[in-house]
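Reading through the structure tokens given below for one structure.
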Amino acid sequence: MSKRRIKKVAVIGSGIMGSGIACHFANIGVDVLLLDIVPRELNDAEKAKGLTLEDKAVRNRLVNDSLKGALKSKPSPIYHQKFASRITTGNLEDDIAKVKDVDWIIEVVVERLDIKKMVFENLEKYRTPGTLITSNTSGIPIKFMSEGRSEDFQKHFCGTHFFNPARYLKLFEIIPGPQTSQDVLDFLNGYGEQFLGKTSVIAKDTPAFIGNRIGIFGIQSLFHQVKELGLTIEEVDKLTGPVIGRPKSATFRTVDVVGLDTLVHVANGIYDNCPDDEAHELFKLPDFINTMMENNWLGSKTKQGFYKKVVNDGKKEILSLDLDTLEYRSKKRASFATLELTKTVDKVIDRFKILVSGKDKAGAFYRKNFAAMFQYVSNRIPEITDELYKIDDAMKAGFGWEHGPFQIWDAIGVEKGIEIMKAEGLQPAAWVNDMIASGSASFYTVDNGATYYYDIPSKQQTKKPGQDAFIILDNIRKSNEVFKNSGVVIEDLGDGILNCEFQSKMNTIGGDVLAGLNKAVDLAEKDFEGLVIGNQGANFSVGANIGMIFMMAVEQEYDELNMAIKYFQDTMMRMRYSSIPTVAAPHGMTLGGGCELSLHADKVVAAAETYIGLVEFGVGVIPGGGGSKEMTLRAQDLFHKGDVQLNVLQEHFLTIGMAKVATSAYEAFDTNILQKGKDVVVVNKDRQIATAKAHAKLMADTGYTQPVKRDDILVLGKQALGMFLVGTDAMNASKYISEHDQKIANKLAYVMAGGDLSEPTKVTEQYLLDIEREAFLSLCTERKTLERIQHMLKTGKPLRN
């Protein structure tokens with residue numbers, strides 16, 4: 001069978017979803033042809049310019065405006081603005097013939113079957129046989145769309161449902177039509193995972209497929225429970241947010257963002273098309289939702305939904321909707337005794353047992369909520385899928401849940417879950433009782449580092465497919481542990497490669513983590529061949545433990561503080577100059593000390609969604625773990641001749657001084673925090689540890705030797721320092737920065753200039769580390785710096801003073 005390659009795709013329809021999908025293909029290096037309809041009439045601007053309906057600017061107006069809007073939106077749909085050059089726009093009249101040259105056509109037009117069928121009829125005239133053709137419908141049955149099309153079309157046609165926003169949500173549902181060939185399904189399943197960085201889930205052609213069927217059930221079930229339990233919308237959002245591993249926007253805020261009309265459209269579709277669903281009546285909209293629809297309170301897009309932003313006396317306030325009176329009121333703080341009990345439980349999965357045994361309203365809410373969810377998901381097999389793990393995968397990837405329904409049920413205990421259901425007058429599907437009777441006590445088990453799930457037809461635990469490309473740290477932590485302290489776990493990844501995984505709160509770097517890193521290098525040098533520093537937490541690391549720095553500074557324990565900073569610097573240098581390759585695997589927030597660690601690894605294998613930067617200015621200090629030294633060294637390595645030196649140094653200075661954070665790994669190449677030709681980016685985060693391990697192994701196998709310490713770093717002394725001081729002075733004079741900002745910037749300038757040397761001089765890395773540490777310490781004696789650190793510890797936000 002010939003290997004299918006995707007070099008070019010056509011996206012038909014440039015709305016929010018179409019433009020988002022086009023951007024995500026551009027993200028991964030694919031050329032995109034984005035087409036939309038031709039406008040029927042001129043707008044005022046076009047009339048003023050004297051244009052006609054025949055002008056190209058007019059004919060491509062819809063597609064160009066949509067794409068422009070998408071590229072300006074936040075969060076951005078594209079990894080790097082320059083990637084947008086991979087997208088060519090056009091319209092469905094002048095440019096439709098170009099689809100003959102693409103490898104995959106994706107239809108993303110309005111959710112109306114008649115329009116979609118017309119588009120397919122038109123596309124088939126130009127489509128080259130063998131080209132993939134798919135629809136991004138969120139609910140129209142796939143079988144209706146391909147009716148009347150040619151055999152070749154039907155064989156290569158299916159649903160490919162991306163979730164919005166296409167860059168950030170990982171679910172990629174593949175829905176076969178009646179004639180879709182198995183080759184096509186296998187290809188899309190693999191492509192989604194490997195290239196698009198998605199969790200691919202092959203679903204059945206049932207209303208709303210998997211993600212929305214279960215997700216909308218969950219939301220509708222909450223809509224009905226709110227009234228029943230007398231809860232406010234703030235209380236529901238408190239109970240259904242991060243405490244149970246769901247996004248901060250929880251339930252009602254999420255509905256506001258997505259749009260109430262979108263939700264109602266899907267819920268109505270399920271109500272109309274699933275008459276035999278046992279929860280049929282639940283998909284009926286409660287009265288308050290109908291009223292909100294009539295009032296056009298659809299959420300963010302109409303400026304009010306369950307929440308509404310108002311400005312009183314120049315102050316912004318967010319009001320909440322009272323579901324009884326349907327009037328807006330000031331937000332009320334929600335608190336529950338049961339939630340207090342989970343405060344010390346770091347791992348979300350360990351909280352569920354506590355939550356369902358709560359004695360208050362929260363406990364009652366969770367029992368009711370999970371009981372309904374457990375019954376519903378167990379009854380959907382085999383209707384929407386034959387495998388239970390697909391439901392969990394869909395909820396995690398499409399709705400941002402940390403754990404799927406069957407994983408939560410396992411965490412509570414399968415028998416305990418059934419007990420809770422019975423108390424609510426509910427029953428699990430018969431297969432769950434069969435599972436217990438067959439001797440399987442849980443839906444999932446882990447064996448030899450691999451996840452197994454209970455397979456209903458064979459009544460046995462079966463290995464979950466597709467995980468051979470992944471290393472799941474949760475699965476190997478216990479069996480492969482080599483060392484552990486309160487800050488890290490060091491695991492053997494096999495093939496001579498160790499992994500050092502942070503286990504501190506938010507993966508902050510304190511004494512225990514540094515001790516663990518040193519231990520990892522020692523172990524790797526003695527008995528292994530390479531070291532990966534990686535974890536699968538929400539974020540790689542938010543930086544050094546500033547609480548510890550604050551305590552030492554307030555107590556004026558400057559000797560201890562000096563030792564602590566030196567320990568951080570020495571650990572970074574130990575990683576750089578060890579006799580084994582070190583590979584950092586950052587993802588999510590990689591800030592401050594987390595960024596410094598990445599700067600000192602031999603190689604970085606970053607997830608595409610890495611937000612990396614040196615943000616120390618926000619807490620009133622300069623990077624003190626080798627970051628200031630490293631940016632000076634990297635600037636010097638780019639120096640050419642003449643005045644370019646100062647320009648390059650100034651760019652690196654501003655990266656730190658403006659606390660720039662890349663909004664994707666690709667942007668980090670612009671600031672030289674990631675280095676072209678050395679560091680690599682992985683689109684699928686699930687593959688990251690395995691990819692980092694492979695790079696460490698390759699470096700070891702090709703003869704890694706310990707780097708030689710640098711003593712050839714050219715610093716510019718007074719020449720650079722003068723330029724920096726003039727610049728910070730001007731910025732302060734024009735009120736762009738405060739006096740304290742200027743003080744911090746001047747300290748950084750001193751370090752990056754290499755001090756006030758009278759002429760350009762070659763220095764060692766240690767020389768730069770020493771003046772960096774001195775500057776850091778002196779800033780820790782400043783009252784305004786301590787105010788900044790305290791403010792960050794209290795609020796999580798930087799203070800400008």
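Residues in the structure tokens are numbered from 1 in each chain, the chains being A, B, ... in the order shown, and ligands are numbered from 1 in the order shown.
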### Query
Near stretch 545-547 of chain A, within 7 Å and counting only C-alpha atoms, which residues show up once chain neighbours fewer than 4 positions away are dropped, as an MDAnalysis selection string?
chainID A and resid 508:510 551 793
So that I can check the surroundings of stretch 771-773 of chain A, please list as a PDB file with N, CA and C atoms, in the first residue's frame every protein, DNA and RNA residue that reaches within 8 Å of it, counting only C-alpha atoms and ignoring chain neighbours fewer than 6 positions away.
```
ATOM      1  N   ASN A 562      22.510  33.560  49.927  1.00  0.00           N
ATOM      2  CA  ASN A 562      23.625  33.481  48.977  1.00  0.00           C
ATOM      3  C   ASN A 562      23.937  32.016  48.658  1.00  0.00           C
ATOM      4  N   ILE A 565      21.157  30.479  46.415  1.00  0.00           N
ATOM      5  CA  ILE A 565      21.254  30.889  44.997  1.00  0.00           C
ATOM      6  C   ILE A 565      22.455  30.205  44.346  1.00  0.00           C
ATOM      7  N   LYS A 566      23.557  30.134  45.093  1.00  0.00           N
ATOM      8  CA  LYS A 566      24.744  29.470  44.549  1.00  0.00           C
ATOM      9  C   LYS A 566      24.443  27.996  44.266  1.00  0.00           C
ATOM     10  N   ILE A 622      16.477  39.878  39.218  1.00  0.00           N
ATOM     11  CA  ILE A 622      16.913  39.459  37.878  1.00  0.00           C
ATOM     12  C   ILE A 622      17.043  37.932  37.917  1.00  0.00           C
ATOM     13  N   PRO A 623      17.082  37.267  36.764  1.00  0.00           N
ATOM     14  CA  PRO A 623      17.297  35.814  36.797  1.00  0.00           C
ATOM     15  C   PRO A 623      18.604  35.520  37.536  1.00  0.00           C
ATOM     16  N   GLY A 624      18.544  34.653  38.578  1.00  0.00           N
ATOM     17  CA  GLY A 624      19.730  34.434  39.411  1.00  0.00           C
ATOM     18  C   GLY A 624      20.214  33.000  39.407  1.00  0.00           C
ATOM     19  N   GLY A 625      19.543  32.145  38.613  1.00  0.00           N
ATOM     20  CA  GLY A 625      19.962  30.739  38.553  1.00  0.00           C
ATOM     21  C   GLY A 625      20.757  30.453  37.290  1.00  0.00           C
ATOM     22  N   GLY A 626      21.459  31.474  36.798  1.00  0.00           N
ATOM     23  CA  GLY A 626      22.250  31.308  35.577  1.00  0.00           C
ATOM     24  C   GLY A 626      21.574  31.876  34.346  1.00  0.00           C
ATOM     25  N   SER A 628      20.647  35.087  33.615  1.00  0.00           N
ATOM     26  CA  SER A 628      21.237  36.352  33.122  1.00  0.00           C
ATOM     27  C   SER A 628      22.570  36.059  32.439  1.00  0.00           C
ATOM     28  N   LYS A 629      23.351  35.182  33.072  1.00  0.00           N
ATOM     29  CA  LYS A 629      24.633  34.754  32.482  1.00  0.00           C
ATOM     30  C   LYS A 629      24.405  34.110  31.129  1.00  0.00           C
ATOM     31  N   LEU A 748      20.661  44.430  36.007  1.00  0.00           N
ATOM     32  CA  LEU A 748      20.772  43.464  34.910  1.00  0.00           C
ATOM     33  C   LEU A 748      21.791  43.970  33.882  1.00  0.00           C
ATOM     34  N   VAL A 751      25.265  43.206  34.895  1.00  0.00           N
ATOM     35  CA  VAL A 751      25.634  41.791  34.692  1.00  0.00           C
ATOM     36  C   VAL A 751      25.890  41.513  33.212  1.00  0.00           C
ATOM     37  N   GLY A 754      28.961  42.692  31.829  1.00  0.00           N
ATOM     38  CA  GLY A 754      30.151  42.084  32.437  1.00  0.00           C
ATOM     39  C   GLY A 754      30.821  43.025  33.425  1.00  0.00           C
ATOM     40  N   GLY A 755      30.022  43.992  33.975  1.00  0.00           N
ATOM     41  CA  GLY A 755      30.579  44.964  34.926  1.00  0.00           C
ATOM     42  C   GLY A 755      31.047  46.212  34.195  1.00  0.00           C
TER      43      GLY A 755
END
```
#### Entry: Contacts of stretch 417-422 of chain A at 7 Å (only C-alpha atoms; same-chain gap of 6+ positions) as a PyMOL selection string
chain A and resi 367+371+409+428
### Filtered DSSP result for stretch 454-612 of chain A, state strand (DSSP E), as a PyMOL selection string
chain A and resi 454-455+460-463+481-484+488-494+497-502+530-534+582-585+588-591+603-607+610-612
### Message
List the spatial neighbours of A:Phe25 as JSON, numbers by chain - criterion: any atom at most 12 Å away, only C-alpha atoms, same-chain residues fewer than 5 positions off excluded.
### Response
{"A": [6, 7, 8, 9, 10, 11, 18, 19, 20, 30, 31, 32, 33, 34, 77, 78, 79, 83, 84, 85, 86, 87, 104, 106, 162, 166, 167, 191, 192, 195, 196, 197, 683]}
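Counting only C-alpha atoms and comparing A:Tyr366, A:Tyr454, A:Tyr750, A:Phe776, the residue that lies closest to A:Gln569 is A:Phe776.
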